[in-house]
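K.L.:
I am sharing protein33.csv, which consists of CSV, C-alpha atoms:
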```csv
chain,number,residue,atom,x,y,z
A,1,MET,CA,18.4,5.0,11.6
A,2,SER,CA,18.7,5.3,15.4
A,3,THR,CA,15.9,6.5,17.7
A,4,ALA,CA,17.8,9.7,18.3
A,5,SER,CA,18.0,10.3,14.5
A,6,LEU,CA,14.2,9.7,14.1
A,7,MET,CA,13.5,12.1,16.9
A,8,ALA,CA,15.7,14.7,15.3
A,9,LEU,CA,13.9,14.1,12.0
A,10,ALA,CA,10.6,14.7,13.7
A,11,HIS,CA,11.8,17.9,15.2
A,12,THR,CA,13.3,19.0,11.9
A,13,ILE,CA,9.9,18.5,10.3
A,14,LEU,CA,8.1,20.3,13.1
A,15,THR,CA,10.5,23.2,12.7
A,16,VAL,CA,9.9,23.4,8.9
A,17,LEU,CA,6.1,23.2,9.5
A,18,CYS,CA,6.3,26.2,11.8
A,19,GLU,CA,6.7,28.3,8.7
A,20,HIS,CA,3.6,27.0,6.9
A,21,PRO,CA,1.6,23.8,6.3
A,22,ALA,CA,3.0,21.6,3.6
A,23,SER,CA,2.6,18.2,1.9
A,24,GLY,CA,5.1,15.5,2.4
A,25,TYR,CA,6.3,16.2,-1.1
A,26,ASP,CA,6.7,19.9,-0.3
A,27,LEU,CA,8.6,19.0,2.9
A,28,SER,CA,11.0,16.8,1.0
A,29,LYS,CA,11.6,19.6,-1.6
A,30,GLN,CA,12.2,22.1,1.3
A,31,PHE,CA,14.7,19.6,2.8
A,32,GLU,CA,16.6,19.5,-0.5
A,33,GLU,CA,16.6,23.2,-0.9
A,34,THR,CA,17.2,24.6,2.6
A,35,VAL,CA,18.0,21.9,5.1
A,36,SER,CA,20.3,19.7,3.1
A,37,CYS,CA,23.5,21.4,4.3
A,38,TYR,CA,22.9,19.8,7.7
A,39,TRP,CA,20.1,17.2,7.4
A,40,LYS,CA,19.4,14.6,4.8
A,41,ALA,CA,16.1,12.7,4.7
A,42,SER,CA,14.5,10.8,1.8
A,43,GLN,CA,10.9,11.4,0.8
A,44,GLN,CA,10.1,8.0,2.1
A,45,GLN,CA,11.6,8.7,5.5
A,46,ILE,CA,9.6,12.0,5.7
A,47,TYR,CA,6.3,10.3,4.9
A,48,ARG,CA,7.0,7.5,7.4
A,49,GLU,CA,7.9,10.1,10.1
A,50,LEU,CA,4.8,12.2,9.3
A,51,GLY,CA,2.6,9.1,10.0
A,52,LYS,CA,4.3,8.6,13.4
A,53,MET,CA,4.0,12.3,14.2
A,54,GLU,CA,0.3,12.2,13.4
A,55,GLU,CA,-0.2,9.3,15.7
A,56,LYS,CA,1.5,11.3,18.5
A,57,GLY,CA,-0.8,14.3,17.7
A,58,TRP,CA,2.1,16.5,16.7
A,59,VAL,CA,0.7,17.2,13.2
A,60,SER,CA,-2.7,17.1,11.6
A,61,PHE,CA,-3.5,17.1,7.9
A,62,GLU,CA,-6.1,18.4,5.6
A,63,LEU,CA,-7.0,16.3,2.5
A,64,VAL,CA,-6.9,18.3,-0.7
A,65,PRO,CA,-8.6,16.7,-3.7
A,66,GLN,CA,-6.6,16.4,-6.9
A,67,ALA,CA,-8.0,15.6,-10.3
A,68,GLY,CA,-6.7,12.3,-11.6
A,69,LYS,CA,-4.4,11.8,-8.6
A,70,PRO,CA,-4.8,10.7,-5.0
A,71,ASP,CA,-5.8,13.4,-2.6
A,72,LYS,CA,-2.9,15.4,-1.2
A,73,LYS,CA,-2.4,15.6,2.5
A,74,ILE,CA,-1.3,19.1,3.7
A,75,TYR,CA,0.3,18.8,7.2
A,76,ALA,CA,0.3,21.4,9.9
A,77,ILE,CA,1.9,21.5,13.3
A,78,THR,CA,-0.6,21.1,16.1
A,79,ASP,CA,-0.6,22.7,19.6
A,80,ALA,CA,0.9,19.4,20.9
A,81,GLY,CA,3.5,19.6,18.2
A,82,GLN,CA,4.4,23.2,19.2
A,83,GLN,CA,4.7,22.0,22.9
A,84,GLU,CA,6.9,19.1,21.8
A,85,LEU,CA,9.1,21.4,19.8
A,86,ARG,CA,9.5,23.8,22.7
A,87,ARG,CA,10.3,20.9,25.0
A,88,TRP,CA,12.9,19.6,22.6
A,89,TYR,CA,14.3,23.1,22.0
A,90,ARG,CA,15.3,23.4,25.6
A,91,GLU,CA,17.2,20.2,25.6
A,92,PRO,CA,21.0,20.3,25.3
A,93,THR,CA,22.5,19.0,22.0
A,94,GLU,CA,25.4,16.7,21.5
A,95,PRO,CA,27.9,16.7,18.6
A,96,THR,CA,27.1,14.1,16.0
A,97,PRO,CA,29.7,11.3,16.1
A,98,ILE,CA,31.9,11.1,13.0
A,99,ARG,CA,31.7,7.9,11.0
A,100,GLU,CA,33.8,8.6,7.9
A,101,ASP,CA,35.2,5.9,5.6
A,102,LEU,CA,37.7,8.3,4.1
A,103,LEU,CA,39.4,8.9,7.5
A,104,VAL,CA,39.8,5.1,7.9
A,105,LYS,CA,41.4,5.0,4.5
A,106,VAL,CA,43.8,7.8,5.4
A,107,LEU,CA,44.6,6.0,8.7
A,108,GLY,CA,45.6,2.9,6.7
A,109,GLY,CA,47.5,4.9,4.2
A,110,ALA,CA,50.9,3.9,5.5
A,111,HIS,CA,50.1,0.3,4.7
A,112,LEU,CA,48.5,0.7,1.2
A,113,PRO,CA,49.4,2.3,-2.1
A,114,ASN,CA,49.1,6.1,-2.1
A,115,GLU,CA,47.8,6.3,-5.7
A,116,ALA,CA,44.3,5.0,-4.8
A,117,LEU,CA,44.1,7.3,-1.7
A,118,ILE,CA,45.2,10.3,-3.8
A,119,ARG,CA,42.5,9.5,-6.4
A,120,GLU,CA,39.9,9.2,-3.7
A,121,LEU,CA,40.9,12.4,-2.0
A,122,GLN,CA,40.8,14.3,-5.3
A,123,ARG,CA,37.3,12.8,-6.0
A,124,ARG,CA,36.1,13.8,-2.6
A,125,ARG,CA,37.6,17.3,-2.9
A,126,GLN,CA,35.7,17.8,-6.2
A,127,MET,CA,32.5,16.7,-4.5
A,128,HIS,CA,32.9,19.1,-1.6
A,129,GLN,CA,33.9,21.9,-4.1
A,130,ALA,CA,30.7,21.3,-6.1
A,131,GLN,CA,28.6,21.4,-2.9
A,132,LEU,CA,30.4,24.5,-1.7
A,133,THR,CA,29.8,26.2,-5.0
A,134,SER,CA,26.1,25.4,-4.7
A,135,TYR,CA,25.9,26.8,-1.2
A,136,GLN,CA,27.8,29.9,-2.2
A,137,GLU,CA,25.2,30.5,-5.0
A,138,LYS,CA,22.5,30.4,-2.3
A,139,GLU,CA,24.6,32.7,-0.2
A,140,SER,CA,24.6,35.3,-2.9
A,141,TRP,CA,20.8,35.5,-2.8
A,142,TYR,CA,21.0,36.3,0.9
A,143,GLN,CA,23.7,38.9,0.3
A,144,SER,CA,21.5,40.6,-2.3
A,145,HIS,CA,18.7,41.1,0.2
A,146,PRO,CA,19.9,43.5,2.8
A,147,ASN,CA,16.9,43.1,5.1
A,148,PRO,CA,15.6,39.6,4.8
A,149,PRO,CA,12.7,38.4,7.0
A,150,ARG,CA,13.8,37.0,10.4
A,151,GLN,CA,13.3,33.4,9.3
A,152,GLU,CA,15.6,33.9,6.4
A,153,GLN,CA,18.2,35.3,8.7
A,154,TYR,CA,18.2,32.1,10.7
A,155,ARG,CA,18.2,30.0,7.6
A,156,TYR,CA,21.2,31.9,6.4
A,157,LEU,CA,23.0,31.0,9.7
A,158,THR,CA,22.6,27.3,9.0
A,159,LEU,CA,23.7,27.9,5.4
A,160,ARG,CA,26.9,29.5,6.7
A,161,ARG,CA,27.6,26.3,8.7
A,162,GLY,CA,27.2,24.3,5.6
A,163,ILE,CA,29.6,26.6,3.8
A,164,ARG,CA,32.2,26.2,6.5
A,165,TYR,CA,31.7,22.5,6.6
A,166,GLU,CA,32.4,22.1,2.9
A,167,GLN,CA,35.4,24.5,3.0
A,168,ASP,CA,36.9,22.6,5.9
A,169,TRP,CA,36.7,19.4,3.9
A,170,ILE,CA,38.4,21.0,0.9
A,171,ASP,CA,41.1,22.4,3.1
A,172,TRP,CA,41.7,19.0,4.8
A,173,CYS,CA,41.8,17.2,1.5
A,174,ASP,CA,44.4,19.7,0.3
A,175,GLU,CA,46.4,19.2,3.4
A,176,VAL,CA,46.4,15.4,3.1
A,177,LEU,CA,47.1,15.6,-0.7
A,178,THR,CA,50.1,17.8,0.0
A,179,PHE,CA,51.4,15.3,2.6
A,180,LEU,CA,50.9,12.4,0.3
A,181,LYS,CA,52.7,14.1,-2.6
A,182,GLN,CA,55.5,15.0,-0.2
A,183,SER,CA,55.8,11.5,1.2
A,184,ASN,CA,55.9,10.1,-2.4
A,185,ALA,CA,58.7,12.5,-3.2
A,186,ASP,CA,60.6,11.4,-0.1
A,187,ALA,CA,60.1,7.7,-0.8
```
Could I get this structure in the form of structure tokens?
P.N.:
Amino acid sequence: MSTASLMALAHTILTVLCEHPASGYDLSKQFEETVSCYWKASQQQIYRELGKMEEKGWVSFELVPQAGKPDKKIYAITDAGQQELRRWYREPTEPTPIREDLLVKVLGGAHLPNEALIRELQRRRQMHQAQLTSYQEKESWYQSHPNPPRQEQYRYLTLRRGIRYEQDWIDWCDEVLTFLKQSNADA
């Protein structure tokens, strides 16, 4: 993971901690449930980053004893973490570069058998459709709450981007599949 990605992970964690203190485990669950449409991080990456953030003074933790288990660390954003988040928030953002194996396979499609590419496009389309369906289920919750809290309104905006991302992938897969079927018919 690049330094920029680590910084973005730290800022994502700080943003999530703005809502309420959380353990590393709770943060990883929140990543899965609410941030996954635009940011992926393993539990191990989150714990490692929390340690670095603590060293920088951006987060602090409270130990909570647990019966029969190691003590739980509940992390909270510090004043220094708030300052860092505000500093980072003012910085311009850059689009994330695309690194996509499937695009390379499509690029090479003129030199390789179409059958394997068609199967892969169909498989990827199914994956994006499943993710879109999951996001749409979350969207129905937002639509059933006419006046959600402000934080939920912002969370919904990020969900909408995830929905559009998955829909765009599905549309593109359909476009390429149509082309491939037509080129097979012309051959």
K.L.:
Of the residues A:Gln131, A:Gln83, A:Gln30, A:Gln45, which is the one nearest to A:Trp169, using only C-alpha atoms?
P.N.:
A:Gln131
K.L.:
So that I can see what lies close to stretch 68-79 of chain A, please list as a PDB file with C-alpha atoms, in the frame of the given file the residues with an atom at most 12 Å from it, counting all atoms listed in the file and leaving out residues fewer than 5 positions away in the same chain.
P.N.:
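Resulting contents of result-v6.pdb:
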```
ATOM      1  CA  ALA A  10      10.600  14.700  13.700  1.00  0.00           C
ATOM      2  CA  HIS A  11      11.800  17.900  15.200  1.00  0.00           C
ATOM      3  CA  THR A  12      13.300  19.000  11.900  1.00  0.00           C
ATOM      4  CA  ILE A  13       9.900  18.500  10.300  1.00  0.00           C
ATOM      5  CA  LEU A  14       8.100  20.300  13.100  1.00  0.00           C
ATOM      6  CA  THR A  15      10.500  23.200  12.700  1.00  0.00           C
ATOM      7  CA  VAL A  16       9.900  23.400   8.900  1.00  0.00           C
ATOM      8  CA  LEU A  17       6.100  23.200   9.500  1.00  0.00           C
ATOM      9  CA  CYS A  18       6.300  26.200  11.800  1.00  0.00           C
ATOM     10  CA  GLU A  19       6.700  28.300   8.700  1.00  0.00           C
ATOM     11  CA  HIS A  20       3.600  27.000   6.900  1.00  0.00           C
ATOM     12  CA  PRO A  21       1.600  23.800   6.300  1.00  0.00           C
ATOM     13  CA  ALA A  22       3.000  21.600   3.600  1.00  0.00           C
ATOM     14  CA  SER A  23       2.600  18.200   1.900  1.00  0.00           C
ATOM     15  CA  GLY A  24       5.100  15.500   2.400  1.00  0.00           C
ATOM     16  CA  TYR A  25       6.300  16.200  -1.100  1.00  0.00           C
ATOM     17  CA  ASP A  26       6.700  19.900  -0.300  1.00  0.00           C
ATOM     18  CA  LEU A  27       8.600  19.000   2.900  1.00  0.00           C
ATOM     19  CA  ILE A  46       9.600  12.000   5.700  1.00  0.00           C
ATOM     20  CA  TYR A  47       6.300  10.300   4.900  1.00  0.00           C
ATOM     21  CA  GLU A  49       7.900  10.100  10.100  1.00  0.00           C
ATOM     22  CA  LEU A  50       4.800  12.200   9.300  1.00  0.00           C
ATOM     23  CA  GLY A  51       2.600   9.100  10.000  1.00  0.00           C
ATOM     24  CA  MET A  53       4.000  12.300  14.200  1.00  0.00           C
ATOM     25  CA  GLU A  54       0.300  12.200  13.400  1.00  0.00           C
ATOM     26  CA  GLU A  55      -0.200   9.300  15.700  1.00  0.00           C
ATOM     27  CA  LYS A  56       1.500  11.300  18.500  1.00  0.00           C
ATOM     28  CA  GLY A  57      -0.800  14.300  17.700  1.00  0.00           C
ATOM     29  CA  TRP A  58       2.100  16.500  16.700  1.00  0.00           C
ATOM     30  CA  VAL A  59       0.700  17.200  13.200  1.00  0.00           C
ATOM     31  CA  SER A  60      -2.700  17.100  11.600  1.00  0.00           C
ATOM     32  CA  PHE A  61      -3.500  17.100   7.900  1.00  0.00           C
ATOM     33  CA  GLU A  62      -6.100  18.400   5.600  1.00  0.00           C
ATOM     34  CA  LEU A  63      -7.000  16.300   2.500  1.00  0.00           C
ATOM     35  CA  GLU A  84       6.900  19.100  21.800  1.00  0.00           C
ATOM     36  CA  LEU A  85       9.100  21.400  19.800  1.00  0.00           C
ATOM     37  CA  ARG A  86       9.500  23.800  22.700  1.00  0.00           C
TER      38      ARG A  86
END
```
K.L.:
What separation in Å, quoted to one decimal, exists between atom CA of A:Leu177 and atom CA of A:Arg164?
P.N.:
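Spanning atom CA of A:Leu177 to atom CA of A:Arg164 is a straight-line distance of 19.7 Å.
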K.L.:
Hey, can you check how far atom CA of A:Glu100 sits from atom CA of A:Thr178?
P.N.:
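These two atoms are separated by 20.3 Å.
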K.L.:
What is the distance between atom CA of A:Glu175 and atom CA of A:Ile98, in Å to one decimal?
P.N.:
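Spanning atom CA of A:Glu175 to atom CA of A:Ile98 is a straight-line distance of 19.2 Å.
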K.L.:
Under the rule that only C-alpha atoms are counted, which of A:Tyr154, A:Trp172, A:Tyr165, A:Tyr142 is the nearest residue to A:Leu103?
P.N.:
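Between A:Tyr154, A:Trp172, A:Tyr165, A:Tyr142, the residue approaching A:Leu103 most closely is A:Trp172.
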K.L.:
Pick the closest to A:Arg161 from A:Leu132, A:Met127, A:Val176, A:Val64: which is it, counting only C-alpha atoms?
P.N.:
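Ranked by minimum distance to A:Arg161, first place goes to A:Leu132.
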K.L.:
Please return the centre and edge lengths, in Å to one decimal, of a box with edges along x, y and z that contains all listed atoms of stretch 179-185 of chain A, widened by 5 Å on every side, as JSON.
P.N.:
```
{"center_x": 54.8, "center_y": 12.7, "center_z": -0.3, "size_x": 17.8, "size_y": 15.2, "size_z": 15.8}
```
K.L.:
Got a sec: who's within 12 Å of A:Gln143, counting all atoms listed in the file, leaving out chain neighbours fewer than 3 positions off, as JSON, numbers by chain?
P.N.:
{"A": [136, 137, 138, 139, 140, 146, 147, 148, 152, 153, 156, 160]}
K.L.:
May I ask which of the residues A:Ala8, A:Gly162, A:Leu180, A:Gln43 is the closest one to A:Tyr89, counting only C-alpha atoms?
P.N.:
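Distance minimum relative to A:Tyr89 lands on A:Ala8.
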K.L.:
Would you mind telling me which residue in A:Leu112, A:Val35, A:Ala41, A:Val106 lies nearest to A:Leu159 when using all atoms listed in the file?
P.N.:
A:Val35
K.L.:
For A:Gln129, list every protein, DNA or RNA residue within 8 Å, evaluated using only C-alpha atoms, and leave out those in the same chain fewer than 4 positions away; present the list as a PyMOL selection string.
P.N.:
chain A and resi 125+133+166-167+170
K.L.:
Determine the nearest neighbour of A:Asp171 from the options A:Ser42, A:Gln66, A:Gln122, A:Thr96, counting only C-alpha atoms.
P.N.:
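Of A:Ser42, A:Gln66, A:Gln122, A:Thr96, the one nearest A:Asp171 is A:Gln122, counting only C-alpha atoms.
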